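Shown here: run.txt, compact mmCIF, C-alpha atoms and all ligand atoms.
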# COMPACT_ATOMS: atom_id res chain seq x y z
CA MET A 1 29.29 2.27 11.93
CA LYS A 2 29.53 0.49 8.58
CA THR A 3 26.95 -1.60 6.73
CA ASP A 4 26.14 -2.72 3.17
CA VAL A 5 22.64 -1.27 3.02
CA VAL A 6 20.88 1.50 4.94
CA ILE A 7 17.06 1.34 4.76
CA ILE A 8 15.17 4.53 5.61
CA GLY A 9 11.68 3.85 6.99
CA GLY A 10 10.19 1.17 9.22
CA GLY A 11 6.94 0.51 7.37
CA ILE A 12 5.93 -2.63 5.50
CA ASN A 13 8.39 -1.95 2.67
CA GLY A 14 11.41 -1.12 4.84
CA CYS A 15 10.86 -4.11 7.13
CA SER A 16 10.24 -6.52 4.24
CA LEU A 17 13.46 -5.28 2.58
CA ALA A 18 15.38 -5.72 5.85
CA TYR A 19 14.10 -9.29 6.08
CA GLN A 20 14.80 -10.25 2.49
CA LEU A 21 18.26 -8.72 2.32
CA SER A 22 19.36 -10.11 5.70
CA LYS A 23 18.10 -13.56 4.64
CA LYS A 24 20.60 -13.38 1.78
CA GLY A 25 23.40 -12.60 4.24
CA ILE A 26 23.61 -8.89 3.46
CA ASP A 27 24.48 -6.44 6.25
CA VAL A 28 21.48 -4.17 6.79
CA ALA A 29 20.69 -1.25 9.10
CA LEU A 30 17.13 0.12 9.12
CA PHE A 31 16.44 3.59 10.54
CA GLU A 32 12.95 4.59 11.60
CA ARG A 33 12.50 8.07 13.00
CA LYS A 34 9.48 7.07 15.13
CA TYR A 35 8.35 3.48 15.71
CA ILE A 36 7.67 0.52 13.42
CA CYS A 37 4.31 1.02 11.62
CA SER A 38 4.08 4.71 12.60
CA GLY A 39 3.68 5.74 8.93
CA ALA A 40 0.97 4.74 6.45
CA THR A 41 1.42 1.04 7.22
CA GLY A 42 -0.07 1.30 10.70
CA ARG A 43 -2.95 3.45 9.42
CA CYS A 44 -4.01 1.51 6.35
CA GLY A 45 -6.90 -0.74 5.29
CA ALA A 46 -4.40 -3.50 4.39
CA GLY A 47 -6.61 -4.73 1.59
CA ILE A 48 -4.98 -6.91 -1.05
CA ARG A 49 -6.51 -6.79 -4.51
CA GLN A 50 -5.56 -8.01 -7.97
CA GLN A 51 -8.30 -6.06 -9.78
CA TRP A 52 -6.19 -3.35 -11.43
CA SER A 53 -6.34 -1.62 -14.80
CA THR A 54 -2.66 -1.85 -15.73
CA ARG A 55 -1.02 -5.14 -16.67
CA GLU A 56 1.90 -4.32 -14.41
CA ASN A 57 -0.12 -3.80 -11.21
CA ILE A 58 -2.20 -6.91 -11.94
CA ILE A 59 0.91 -9.09 -12.19
CA LEU A 60 2.65 -7.46 -9.21
CA ALA A 61 -0.49 -7.94 -7.10
CA LYS A 62 -1.05 -11.51 -8.27
CA GLU A 63 2.55 -12.51 -7.48
CA SER A 64 2.26 -10.70 -4.12
CA VAL A 65 -0.87 -12.72 -3.25
CA LYS A 66 1.14 -15.91 -3.86
CA ILE A 67 3.79 -14.66 -1.41
CA PHE A 68 1.21 -13.47 1.18
CA SER A 69 -0.46 -16.88 1.13
CA LYS A 70 2.77 -18.57 2.30
CA LEU A 71 4.06 -15.75 4.50
CA SER A 72 2.73 -16.90 7.89
CA ARG A 73 4.60 -20.17 7.42
CA GLU A 74 7.76 -18.49 6.16
CA LEU A 75 7.85 -15.86 8.94
CA LYS A 76 6.71 -18.38 11.58
CA GLU A 77 4.02 -15.95 12.81
CA ASP A 78 0.38 -15.55 11.82
CA ILE A 79 0.08 -12.44 9.61
CA GLY A 80 -3.73 -12.61 9.55
CA PHE A 81 -3.93 -13.25 5.80
CA ARG A 82 -7.41 -14.19 4.60
CA GLN A 83 -9.00 -14.29 1.16
CA GLY A 84 -12.55 -12.99 1.45
CA GLY A 85 -12.49 -11.37 -1.98
CA TYR A 86 -13.00 -7.81 -3.23
CA LEU A 87 -16.38 -6.66 -4.49
CA VAL A 88 -16.04 -3.63 -6.79
CA ALA A 89 -19.35 -1.82 -7.41
CA ILE A 90 -20.46 -1.05 -10.97
CA HIS A 91 -22.81 1.95 -11.06
CA ASP A 92 -23.87 2.41 -14.70
CA GLU A 93 -23.54 1.11 -18.26
CA LYS A 94 -20.34 3.10 -18.90
CA GLU A 95 -18.70 1.58 -15.82
CA LEU A 96 -19.96 -1.85 -16.89
CA LYS A 97 -18.13 -1.52 -20.25
CA GLU A 98 -14.93 -0.42 -18.46
CA ALA A 99 -15.31 -3.30 -16.00
CA GLU A 100 -15.72 -5.77 -18.86
CA GLU A 101 -12.44 -4.52 -20.37
CA ARG A 102 -10.60 -4.75 -17.05
CA VAL A 103 -12.00 -8.21 -16.27
CA LYS A 104 -10.90 -9.41 -19.71
CA LEU A 105 -7.34 -8.21 -19.07
CA GLN A 106 -7.28 -9.54 -15.50
CA ARG A 107 -8.60 -12.95 -16.57
CA SER A 108 -6.06 -13.13 -19.43
CA LEU A 109 -3.37 -12.74 -16.75
CA GLY A 110 -4.80 -15.59 -14.67
CA VAL A 111 -6.87 -13.67 -12.10
CA ASP A 112 -10.10 -15.41 -11.07
CA VAL A 113 -12.54 -12.49 -11.44
CA LYS A 114 -16.08 -12.16 -12.79
CA ILE A 115 -18.97 -9.76 -13.18
CA ILE A 116 -21.88 -10.40 -10.82
CA ASP A 117 -25.46 -9.08 -10.63
CA LYS A 118 -27.37 -7.41 -7.80
CA ASP A 119 -28.61 -10.71 -6.31
CA GLU A 120 -25.08 -12.07 -6.16
CA ILE A 121 -23.91 -8.85 -4.45
CA LYS A 122 -26.34 -9.60 -1.62
CA GLU A 123 -25.25 -13.24 -1.45
CA ILE A 124 -21.62 -12.20 -0.96
CA VAL A 125 -22.25 -9.26 1.40
CA PRO A 126 -25.78 -9.67 2.84
CA ILE A 127 -25.82 -6.23 4.55
CA LEU A 128 -25.39 -4.35 1.25
CA ASP A 129 -28.30 -2.55 -0.38
CA PRO A 130 -27.50 -2.54 -4.15
CA ASP A 131 -30.17 0.16 -4.76
CA GLY A 132 -28.77 2.39 -2.01
CA MET A 133 -25.32 1.85 -3.53
CA HIS A 134 -26.77 2.82 -6.94
CA ALA A 135 -25.16 -0.38 -8.23
CA ILE A 136 -26.22 -2.34 -11.30
CA GLY A 137 -23.68 -5.07 -10.55
CA ALA A 138 -20.11 -5.58 -9.41
CA THR A 139 -16.91 -7.38 -10.19
CA PHE A 140 -15.78 -10.00 -7.70
CA CYS A 141 -12.45 -11.74 -7.22
CA PRO A 142 -12.55 -14.36 -4.42
CA THR A 143 -8.77 -14.60 -4.06
CA ASP A 144 -8.36 -10.91 -3.16
CA GLY A 145 -8.16 -10.33 0.57
CA HIS A 146 -6.54 -8.75 3.55
CA ALA A 147 -3.68 -9.20 6.04
CA ASP A 148 -2.93 -7.60 9.38
CA PRO A 149 -0.46 -4.76 8.67
CA PHE A 150 0.97 -4.75 12.22
CA LYS A 151 1.39 -8.52 12.44
CA THR A 152 2.97 -8.66 8.96
CA THR A 153 5.40 -5.77 9.49
CA PHE A 154 6.50 -6.84 12.98
CA ALA A 155 6.96 -10.44 11.81
CA TYR A 156 9.27 -9.22 9.02
CA ALA A 157 11.15 -7.01 11.51
CA ARG A 158 11.60 -9.81 14.07
CA ARG A 159 12.86 -12.31 11.48
CA ALA A 160 15.18 -9.66 10.01
CA VAL A 161 16.74 -9.05 13.43
CA GLU A 162 17.19 -12.82 13.88
CA ASN A 163 18.98 -12.85 10.52
CA GLY A 164 21.38 -10.18 11.81
CA ALA A 165 19.73 -6.97 10.56
CA LYS A 166 19.97 -3.94 12.85
CA ILE A 167 16.74 -2.03 13.34
CA PHE A 168 16.98 1.38 14.99
CA THR A 169 13.74 3.10 15.99
CA HIS A 170 13.43 6.74 17.06
CA ARG A 171 16.45 7.54 14.91
CA GLU A 172 15.99 9.93 12.03
CA VAL A 173 18.23 10.05 8.97
CA SER A 174 19.02 13.73 8.40
CA LYS A 175 21.69 13.56 5.71
CA ILE A 176 22.76 11.33 2.81
CA ILE A 177 26.42 11.50 1.87
CA VAL A 178 27.04 11.40 -1.88
CA GLU A 179 30.50 11.66 -3.45
CA LYS A 180 31.16 11.60 -7.19
CA ASN A 181 27.54 10.59 -7.84
CA LYS A 182 27.78 7.59 -5.54
CA VAL A 183 26.16 6.98 -2.16
CA LYS A 184 28.76 6.78 0.62
CA GLY A 185 26.65 6.85 3.77
CA VAL A 186 24.05 8.58 5.88
CA VAL A 187 23.95 10.62 9.07
CA ALA A 188 21.40 9.57 11.70
CA ASP A 189 21.22 11.55 14.95
CA GLY A 190 24.69 12.94 14.41
CA GLU A 191 26.31 9.54 13.71
CA ARG A 192 27.80 8.73 10.33
CA ILE A 193 26.98 5.31 8.91
CA ASP A 194 29.04 4.25 5.88
CA CYS A 195 27.21 2.14 3.31
CA ASN A 196 27.04 1.21 -0.37
CA TYR A 197 23.29 1.45 -0.78
CA VAL A 198 20.59 3.67 0.68
CA ILE A 199 16.97 2.57 0.14
CA ASN A 200 14.39 5.32 0.30
CA SER A 201 11.31 3.58 1.72
CA ALA A 202 10.20 6.62 3.69
CA GLY A 203 6.62 6.61 2.33
CA ALA A 204 5.01 10.05 2.32
CA TRP A 205 8.36 11.56 3.42
CA SER A 206 10.29 10.04 0.51
CA ARG A 207 10.51 13.37 -1.32
CA ILE A 208 12.27 14.94 1.67
CA VAL A 209 14.63 11.95 1.88
CA ALA A 210 15.39 12.03 -1.87
CA ARG A 211 16.28 15.72 -1.57
CA MET A 212 18.98 14.78 0.97
CA ALA A 213 20.75 13.06 -1.96
CA GLY A 214 20.05 15.99 -4.30
CA ILE A 215 17.30 14.09 -6.13
CA ASP A 216 13.95 15.66 -6.96
CA ILE A 217 11.03 13.22 -7.12
CA PRO A 218 7.48 14.16 -8.13
CA ASN A 219 5.67 12.54 -5.16
CA ARG A 220 3.23 14.41 -2.94
CA PRO A 221 1.79 13.52 0.47
CA LEU A 222 -2.01 13.35 0.53
CA ARG A 223 -3.94 13.28 3.79
CA LYS A 224 -6.33 10.33 4.06
CA GLU A 225 -8.75 9.52 6.83
CA ALA A 226 -10.22 6.23 8.01
CA ILE A 227 -12.57 4.91 10.68
CA VAL A 228 -13.11 1.74 12.60
CA THR A 229 -16.43 0.84 14.26
CA GLU A 230 -17.19 -1.19 17.33
CA LYS A 231 -17.29 -4.96 16.88
CA MET A 232 -20.32 -6.72 15.49
CA LYS A 233 -21.13 -10.32 14.60
CA ARG A 234 -19.07 -11.47 11.59
CA VAL A 235 -21.40 -11.19 8.59
CA PHE A 236 -19.16 -10.74 5.56
CA ASP A 237 -15.63 -11.49 4.37
CA ALA A 238 -15.22 -9.31 1.26
CA MET A 239 -13.76 -5.81 0.94
CA VAL A 240 -16.39 -3.58 -0.70
CA ILE A 241 -15.13 -0.73 -2.88
CA SER A 242 -16.38 1.76 -5.44
CA PHE A 243 -14.12 3.67 -7.81
CA ARG A 244 -16.87 6.27 -8.34
CA ASP A 245 -17.65 7.00 -4.68
CA GLY A 246 -14.09 6.24 -3.56
CA ILE A 247 -15.37 4.28 -0.56
CA TYR A 248 -13.78 1.06 0.72
CA PHE A 249 -14.73 -0.99 3.76
CA SER A 250 -14.40 -4.49 5.14
CA GLN A 251 -15.13 -6.39 8.31
CA GLN A 252 -12.03 -7.30 10.28
CA SER A 253 -11.51 -10.78 11.75
CA GLU A 254 -12.43 -9.32 15.16
CA GLY A 255 -15.78 -8.00 13.81
CA ASN A 256 -15.06 -4.25 13.46
CA ILE A 257 -15.83 -2.47 10.19
CA LEU A 258 -12.81 -0.52 8.88
CA GLY A 259 -13.02 1.85 5.94
CA GLY A 260 -12.35 5.17 4.30
CA ILE A 261 -13.40 7.55 1.53
CA PRO A 262 -11.87 10.72 0.05
CA GLY A 263 -12.99 13.50 2.38
CA PRO A 264 -14.36 16.88 1.20
CA ASP A 265 -11.43 18.60 2.99
CA GLU A 266 -8.71 16.29 1.75
CA ARG A 267 -5.43 18.22 1.48
CA GLU A 268 -1.90 17.81 0.29
CA GLY A 269 0.62 18.12 3.12
CA TYR A 270 1.37 16.66 6.52
CA LEU A 271 -1.82 17.50 8.40
CA TYR A 272 -2.68 14.95 11.06
CA GLN A 273 -5.87 16.70 12.18
CA PRO A 274 -8.93 14.53 11.37
CA THR A 275 -11.96 16.37 9.99
CA PHE A 276 -15.62 16.25 10.92
CA SER A 277 -16.55 16.64 7.23
CA PHE A 278 -14.87 13.30 6.51
CA LEU A 279 -16.70 11.57 9.33
CA ASN A 280 -20.01 12.94 8.13
CA HIS A 281 -19.39 11.98 4.49
CA MET A 282 -18.10 8.50 5.42
CA ALA A 283 -21.05 7.77 7.73
CA ARG A 284 -23.60 8.91 5.16
CA THR A 285 -22.05 6.89 2.31
CA LEU A 286 -21.42 3.80 4.42
CA THR A 287 -25.01 3.66 5.68
CA ARG A 288 -26.29 4.23 2.16
CA TYR A 289 -24.32 1.11 1.11
CA ALA A 290 -25.19 -0.90 4.24
CA PRO A 291 -28.18 0.67 6.05
CA VAL A 292 -27.91 -1.66 9.06
CA LEU A 293 -24.62 0.00 9.99
CA LYS A 294 -26.45 3.09 11.22
CA PHE A 295 -26.85 1.14 14.48
CA VAL A 296 -23.10 0.65 14.87
CA ARG A 297 -20.88 3.22 16.62
CA VAL A 298 -17.58 4.58 15.33
CA LEU A 299 -14.78 3.75 17.78
CA ARG A 300 -11.86 5.60 16.26
CA HIS A 301 -11.05 7.98 13.40
CA TRP A 302 -7.52 8.77 12.24
CA THR A 303 -5.40 10.25 9.47
CA GLY A 304 -2.55 8.83 7.39
CA PHE A 305 -0.82 9.83 4.16
CA TYR A 306 -0.78 8.41 0.69
CA ASP A 307 2.58 8.92 -1.04
CA VAL A 308 1.19 9.82 -4.47
CA SER A 309 3.17 9.54 -7.71
CA PRO A 310 2.00 11.29 -10.91
CA ASP A 311 0.67 8.05 -12.45
CA ALA A 312 -0.42 6.32 -9.21
CA ARG A 313 2.20 3.61 -9.73
CA PRO A 314 5.22 2.88 -7.52
CA ILE A 315 8.68 4.27 -8.25
CA ILE A 316 11.36 1.64 -7.76
CA GLY A 317 14.98 0.84 -8.61
CA GLU A 318 18.39 2.47 -8.62
CA ASP A 319 18.55 6.17 -9.38
CA PRO A 320 20.00 6.79 -12.88
CA ASN A 321 22.32 9.55 -11.59
CA ILE A 322 23.25 8.53 -8.04
CA LYS A 323 24.74 5.06 -7.82
CA GLY A 324 23.56 3.15 -4.77
CA PHE A 325 20.45 5.27 -4.19
CA ILE A 326 17.44 2.94 -4.43
CA HIS A 327 13.88 4.23 -4.85
CA CYS A 328 11.04 2.32 -3.16
CA HIS A 329 8.10 4.71 -2.81
CA GLY A 330 5.24 6.39 -4.69
CA PHE A 331 2.82 3.58 -3.80
CA SER A 332 -0.18 5.94 -4.03
CA GLY A 333 -2.40 4.06 -1.59
CA HIS A 334 -1.56 0.47 -2.51
CA GLY A 335 1.87 -0.11 -1.03
CA PHE A 336 0.82 -2.77 1.44
CA MET A 337 -0.56 -5.17 -1.16
CA LEU A 338 2.31 -4.72 -3.63
CA SER A 339 5.10 -4.86 -1.04
CA PRO A 340 5.95 -8.60 -1.23
CA MET A 341 6.78 -8.51 -4.94
CA VAL A 342 8.25 -5.01 -5.14
CA THR A 343 10.65 -5.63 -2.25
CA LYS A 344 11.62 -9.00 -3.74
CA ILE A 345 12.56 -7.30 -7.02
CA ILE A 346 14.63 -4.69 -5.18
CA SER A 347 16.42 -7.16 -2.92
CA ASP A 348 17.23 -9.48 -5.87
CA TYR A 349 18.72 -6.47 -7.64
CA ILE A 350 20.89 -5.46 -4.67
CA SER A 351 22.01 -8.98 -3.76
CA ASP A 352 22.50 -10.54 -7.21
CA GLY A 353 22.30 -7.64 -9.65
CA LYS A 354 19.17 -9.35 -11.05
CA ASP A 355 17.33 -7.24 -13.61
CA SER A 356 13.54 -7.07 -13.94
CA ASP A 357 11.24 -5.41 -16.46
CA TYR A 358 9.66 -3.54 -13.53
CA LEU A 359 12.96 -1.86 -12.70
CA HIS A 360 12.61 -0.17 -16.10
CA SER A 361 8.87 0.39 -16.39
CA LEU A 362 8.58 1.66 -12.79
CA SER A 363 11.84 3.63 -12.86
CA ILE A 364 11.93 7.32 -11.93
CA GLU A 365 13.09 7.85 -15.55
CA ARG A 366 9.56 7.27 -16.88
CA PHE A 367 8.48 10.79 -15.89
CA LYS A 368 10.82 12.22 -18.52
CA GLY A 369 8.57 10.76 -21.24
CA LYS A 370 5.17 11.99 -22.28
CA ASP A 371 3.30 8.69 -22.44
CA ILE A 372 2.76 7.68 -18.86
CA SER A 373 0.14 4.94 -18.47
CA ARG A 374 -1.84 5.91 -15.40
CA GLU A 375 -3.40 3.41 -13.02
CA VAL A 376 -7.08 4.37 -12.83
CA SER A 377 -8.47 1.71 -10.47
CA VAL A 378 -7.77 3.73 -7.34
CA VAL A 379 -9.99 4.28 -4.27
CA GLY A 380 -9.92 6.03 -0.91
C1 LIG B 1 -5.99 5.41 5.26
C2 LIG B 1 -5.10 4.55 4.39
C3 LIG B 1 -5.61 3.35 3.85
C4 LIG B 1 -4.81 2.54 3.05
N1 LIG B 1 -5.31 1.35 2.59
C5 LIG B 1 -4.51 0.50 1.90
C6 LIG B 1 -4.97 -0.78 1.49
O1 LIG B 1 -6.11 -1.17 1.74
N2 LIG B 1 -4.11 -1.58 0.81
C7 LIG B 1 -2.83 -1.19 0.51
O2 LIG B 1 -2.10 -1.95 -0.13
N3 LIG B 1 -2.36 0.02 0.87
C8 LIG B 1 -3.16 0.86 1.56
N4 LIG B 1 -2.70 2.09 1.95
C9 LIG B 1 -1.35 2.50 1.52
C10 LIG B 1 -0.30 1.81 2.35
O3 LIG B 1 -0.57 2.03 3.73
C11 LIG B 1 1.09 2.35 2.01
O4 LIG B 1 1.28 2.37 0.61
C12 LIG B 1 2.17 1.49 2.63
O5 LIG B 1 1.89 1.21 3.98
C13 LIG B 1 3.51 2.19 2.50
O6 LIG B 1 4.45 1.51 3.26
P1 LIG B 1 5.92 2.06 3.34
O7 LIG B 1 6.68 1.10 4.16
O8 LIG B 1 6.42 2.34 1.97
O9 LIG B 1 5.77 3.50 4.06
P2 LIG B 1 5.30 3.90 5.54
O10 LIG B 1 4.52 2.85 6.20
O11 LIG B 1 4.69 5.24 5.44
O12 LIG B 1 6.68 4.00 6.30
C14 LIG B 1 7.60 5.03 6.04
C15 LIG B 1 8.34 5.28 7.34
O13 LIG B 1 9.46 6.13 7.07
C16 LIG B 1 9.73 6.85 8.28
N5 LIG B 1 10.61 7.97 7.94
C17 LIG B 1 10.31 9.04 7.18
N6 LIG B 1 11.38 9.86 7.08
C18 LIG B 1 12.39 9.28 7.80
C19 LIG B 1 13.74 9.65 8.09
N7 LIG B 1 14.28 10.77 7.59
N8 LIG B 1 14.49 8.82 8.87
C20 LIG B 1 13.95 7.66 9.38
N9 LIG B 1 12.66 7.28 9.14
C21 LIG B 1 11.89 8.08 8.35
C22 LIG B 1 8.33 7.25 8.74
O14 LIG B 1 8.30 7.58 10.11
C23 LIG B 1 7.51 6.01 8.40
O15 LIG B 1 7.33 5.15 9.51
C24 LIG B 1 -3.47 2.93 2.76
C25 LIG B 1 -2.96 4.12 3.29
C26 LIG B 1 -3.75 4.92 4.12
C27 LIG B 1 -3.17 6.19 4.69
Whole structure, structure tokens version:
Amino acid sequence: MKTDVVIIGGGINGCSLAYQLSKKGIDVALFERKYICSGATGRCGAGIRQQWSTRENIILAKESVKIFSKLSRELKEDIGFRQGGYLVAIHDEKELKEAEERVKLQRSLGVDVKIIDKDEIKEIVPILDPDGMHAIGATFCPTDGHADPFKTTFAYARRAVENGAKIFTHREVSKIIVEKNKVKGVVADGERIDCNYVINSAGAWSRIVARMAGIDIPNRPLRKEAIVTEKMKRVFDAMVISFRDGIYFSQQSEGNILGGIPGPDEREGYLYQPTFSFLNHMARTLTRYAPVLKFVRVLRHWTGFYDVSPDARPIIGEDPNIKGFIHCHGFSGHGFMLSPMVTKIISDYISDGKDSDYLHSLSIERFKGKDISREVSVVG
């Protein structure tokens, strides 16, 4: 088989890339070793927030929100996008000063965000107990939100196939063929596929995939756990998060509460086993934030993996040493919300050779330098 571009991974990023490239008339073959959404995408909170600490993430997220807001129309399927806002708890005076700095930067970049007091917290999410949260206030951005990760990813995949992309599930790429520092193809289940580009959008497995091309990347897989409760009457729209406690939770359109927190037994590596210590810690923290939830039962508890880069920012663009090898990973727990813009940048580069500042600032090359600006507004 022969194609222009091989995409490795059938998560939100792989499927969005397949859609965007095929829309431009480029021959694409996507290989997913399990099923679409079997990686982090199908296990995530799918929150979409513009409240970041680095200029880069703020702009990427803001531009992604613009794309999300038109995506149901473009993909001709409802992706479940809604803007209920993100409420970020502020716990003490030090955090308040940091929040003021972040809000200043975010507002200067056009994000509608403000600092709110304890009364306003209760107006936005009536079930919250600001004292139980140990909160003195919060930041709130009403245009942050959420989309359904399954609906979004499958909509991309279906439109990509209509555009002529080939999507192969249950087919694992086991080898990348590189000759004279240029990508020539891949091997998937014993079959050779010739191509000019290989995109590594293999999420938490991207380090293993990069190694197939002789490239060492600094990413590490980090086990994360999440829960979903039974349904209850819709009472709030916002995602509630705390950088200090690491908790995040929101109420889904169907009424279930979905959330996560870093567990006491969080480990690096590919461990799918959920832990009781997480469940305990999550339940205690969640009911401290929203005491009424102690009457709601947990329906399901699962694990997934963050693909963590050293500065918690994505790694994108063509490899400096292997022509045709494209990085699209390292999303460190925020790859759903950034996917629209990141995949647009990558597909514009492959189709038209279009450059972008992000292809430089988010390049794998940055880890050679000493001054890496780390994203600090991370939860979960
Ligand atoms: C509990 C949890 C909560 C999260 N919450 C949020 C959130 O609220 N907002 C947000 O933006 N992000 C969130 N994230 C992060 C987000 O889920 C990921 O950043 C994003 O889904 C990554 O998408 P992806 O397409 O890059 O990778 P993935 O969805 O992980 O897809 C990679 C795919 O590659 C496949 N693959 C691997 N190796 C091979 C191979 N050799 N051949 C073929 N296929 C291969 C895998 O099977 C997998 O399906 C969360 C993650 C977790 C785990």
Could you work out an axis-aligned box for ligand LIG 1 (chain B), taking every atom the file lists and adding 3 Å on each side, and report centre and edge lengths in Å to one decimal, as lines of an AutoDock Vina configuration file?
center_x = 4.2
center_y = 4.4
center_z = 5.0
size_x = 26.6
size_y = 18.7
size_z = 16.2
* Expressed in Å to a single decimal, how great is the separation between atom CA of A:Gln50 and atom CA of A:Lys76? ->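 The value is 25.3 Å.
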* Using only C-alpha atoms and all ligand atoms, determine which residues fall within 6 Å of ligand LIG 1 (chain B), then list them as a PyMOL selection string. => chain A and resi 8-14+31-34+37-41+43-48+172-174+201-205+209+224-226+304-306+329+331+333-337
In file coordinates, which residues lie within 6 Å of (13.9, 1.3, -2.5) using all atoms listed in the file, given as a PDB file with C-alpha atoms, in the coordinates of the input?
ATOM      1  CA  ILE A 199      16.970   2.570   0.140  1.00  0.00           C
ATOM      2  CA  ASN A 200      14.390   5.320   0.300  1.00  0.00           C
ATOM      3  CA  SER A 201      11.310   3.580   1.720  1.00  0.00           C
ATOM      4  CA  ILE A 316      11.360   1.640  -7.760  1.00  0.00           C
ATOM      5  CA  ILE A 326      17.440   2.940  -4.430  1.00  0.00           C
ATOM      6  CA  HIS A 327      13.880   4.230  -4.850  1.00  0.00           C
ATOM      7  CA  CYS A 328      11.040   2.320  -3.160  1.00  0.00           C
TER       8      CYS A 328
END
Please list as a compact mmCIF listing (two decimals) with C-alpha atoms, in the frame of the given file every residue within 12 Å of A:Phe154, counting only C-alpha atoms and excluding residues in the same chain fewer than 3 positions away.
# COMPACT_ATOMS: atom_id res chain seq x y z
CA GLY A 10 10.19 1.17 9.22
CA GLY A 11 6.94 0.51 7.37
CA ILE A 12 5.93 -2.63 5.50
CA ASN A 13 8.39 -1.95 2.67
CA GLY A 14 11.41 -1.12 4.84
CA CYS A 15 10.86 -4.11 7.13
CA SER A 16 10.24 -6.52 4.24
CA ALA A 18 15.38 -5.72 5.85
CA TYR A 19 14.10 -9.29 6.08
CA TYR A 35 8.35 3.48 15.71
CA ILE A 36 7.67 0.52 13.42
CA CYS A 37 4.31 1.02 11.62
CA SER A 38 4.08 4.71 12.60
CA THR A 41 1.42 1.04 7.22
CA GLY A 42 -0.07 1.30 10.70
CA SER A 72 2.73 -16.90 7.89
CA LEU A 75 7.85 -15.86 8.94
CA LYS A 76 6.71 -18.38 11.58
CA GLU A 77 4.02 -15.95 12.81
CA ASP A 78 0.38 -15.55 11.82
CA ILE A 79 0.08 -12.44 9.61
CA ASP A 148 -2.93 -7.60 9.38
CA PRO A 149 -0.46 -4.76 8.67
CA PHE A 150 0.97 -4.75 12.22
CA LYS A 151 1.39 -8.52 12.44
CA ALA A 157 11.15 -7.01 11.51
CA ARG A 158 11.60 -9.81 14.07
CA ARG A 159 12.86 -12.31 11.48
CA ALA A 160 15.18 -9.66 10.01
CA VAL A 161 16.74 -9.05 13.43
CA ILE A 167 16.74 -2.03 13.34
* Asked: From the set A:Lys24, A:Lys62, A:His91, A:Arg171, which residue has the shortest atom-to-atom contact distance to A:Leu109, counting only C-alpha atoms?
  ->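 Checking each candidate against A:Leu109, we get A:Lys62 as the closest.
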Please build the interface table for stretch 69-148 of chain A against stretch 51-58 of chain A with a cut-off of 8 Å, listing for each qualifying residue the nearest atom pair and the distance in Å to one decimal; count only C-alpha atoms, order rows by chain and increasing number, and write it as CSV.
residue,atom,partner,partner_atom,distance
A:Arg102,CA,A:Ser53,CA,5.7
A:Val103,CA,A:Gln51,CA,7.8
A:Leu105,CA,A:Arg55,CA,7.4
A:Gln106,CA,A:Ile58,CA,6.7
A:Leu109,CA,A:Ile58,CA,7.6
A:Val113,CA,A:Gln51,CA,7.9
A:Cys141,CA,A:Gln51,CA,7.5
* Asked: By how many Å are atom CA of A:Ala238 and atom CA of A:Gly85 apart?
  ->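 Here the two named atoms are 4.7 Å from each other.
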* **Spatial neighbours of A:Ser332, max dist 10 Å, all atoms listed in the file, sep filter under 3 positions, as a list in words** =>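 Everything that qualifies: Gly203, Ala204, Asn219, Arg220, Pro221, Leu222, Phe305, Tyr306, Asp307, Val308, Ser309, Pro310, Asp311, Ala312, Arg313, Pro314, Ile315, His329, Gly335, Glu375, Val378 and Val379 of chain A.
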Next, dump the selected residues to file, keeping only C-alpha atoms, as an mmCIF file, in the coordinates of the input.
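What ended up in again-v1.cif:
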data_model
loop_
_atom_site.group_PDB
_atom_site.id
_atom_site.type_symbol
_atom_site.label_atom_id
_atom_site.label_comp_id
_atom_site.auth_asym_id
_atom_site.auth_seq_id
_atom_site.Cartn_x
_atom_site.Cartn_y
_atom_site.Cartn_z
ATOM 1 C CA GLY A 203 6.620 6.610 2.330
ATOM 2 C CA ALA A 204 5.010 10.050 2.320
ATOM 3 C CA ASN A 219 5.670 12.540 -5.160
ATOM 4 C CA ARG A 220 3.230 14.410 -2.940
ATOM 5 C CA PRO A 221 1.790 13.520 0.470
ATOM 6 C CA LEU A 222 -2.010 13.350 0.530
ATOM 7 C CA PHE A 305 -0.820 9.830 4.160
ATOM 8 C CA TYR A 306 -0.780 8.410 0.690
ATOM 9 C CA ASP A 307 2.580 8.920 -1.040
ATOM 10 C CA VAL A 308 1.190 9.820 -4.470
ATOM 11 C CA SER A 309 3.170 9.540 -7.710
ATOM 12 C CA PRO A 310 2.000 11.290 -10.910
ATOM 13 C CA ASP A 311 0.670 8.050 -12.450
ATOM 14 C CA ALA A 312 -0.420 6.320 -9.210
ATOM 15 C CA ARG A 313 2.200 3.610 -9.730
ATOM 16 C CA PRO A 314 5.220 2.880 -7.520
ATOM 17 C CA ILE A 315 8.680 4.270 -8.250
ATOM 18 C CA HIS A 329 8.100 4.710 -2.810
ATOM 19 C CA GLY A 335 1.870 -0.110 -1.030
ATOM 20 C CA GLU A 375 -3.400 3.410 -13.020
ATOM 21 C CA VAL A 378 -7.770 3.730 -7.340
ATOM 22 C CA VAL A 379 -9.990 4.280 -4.270
#
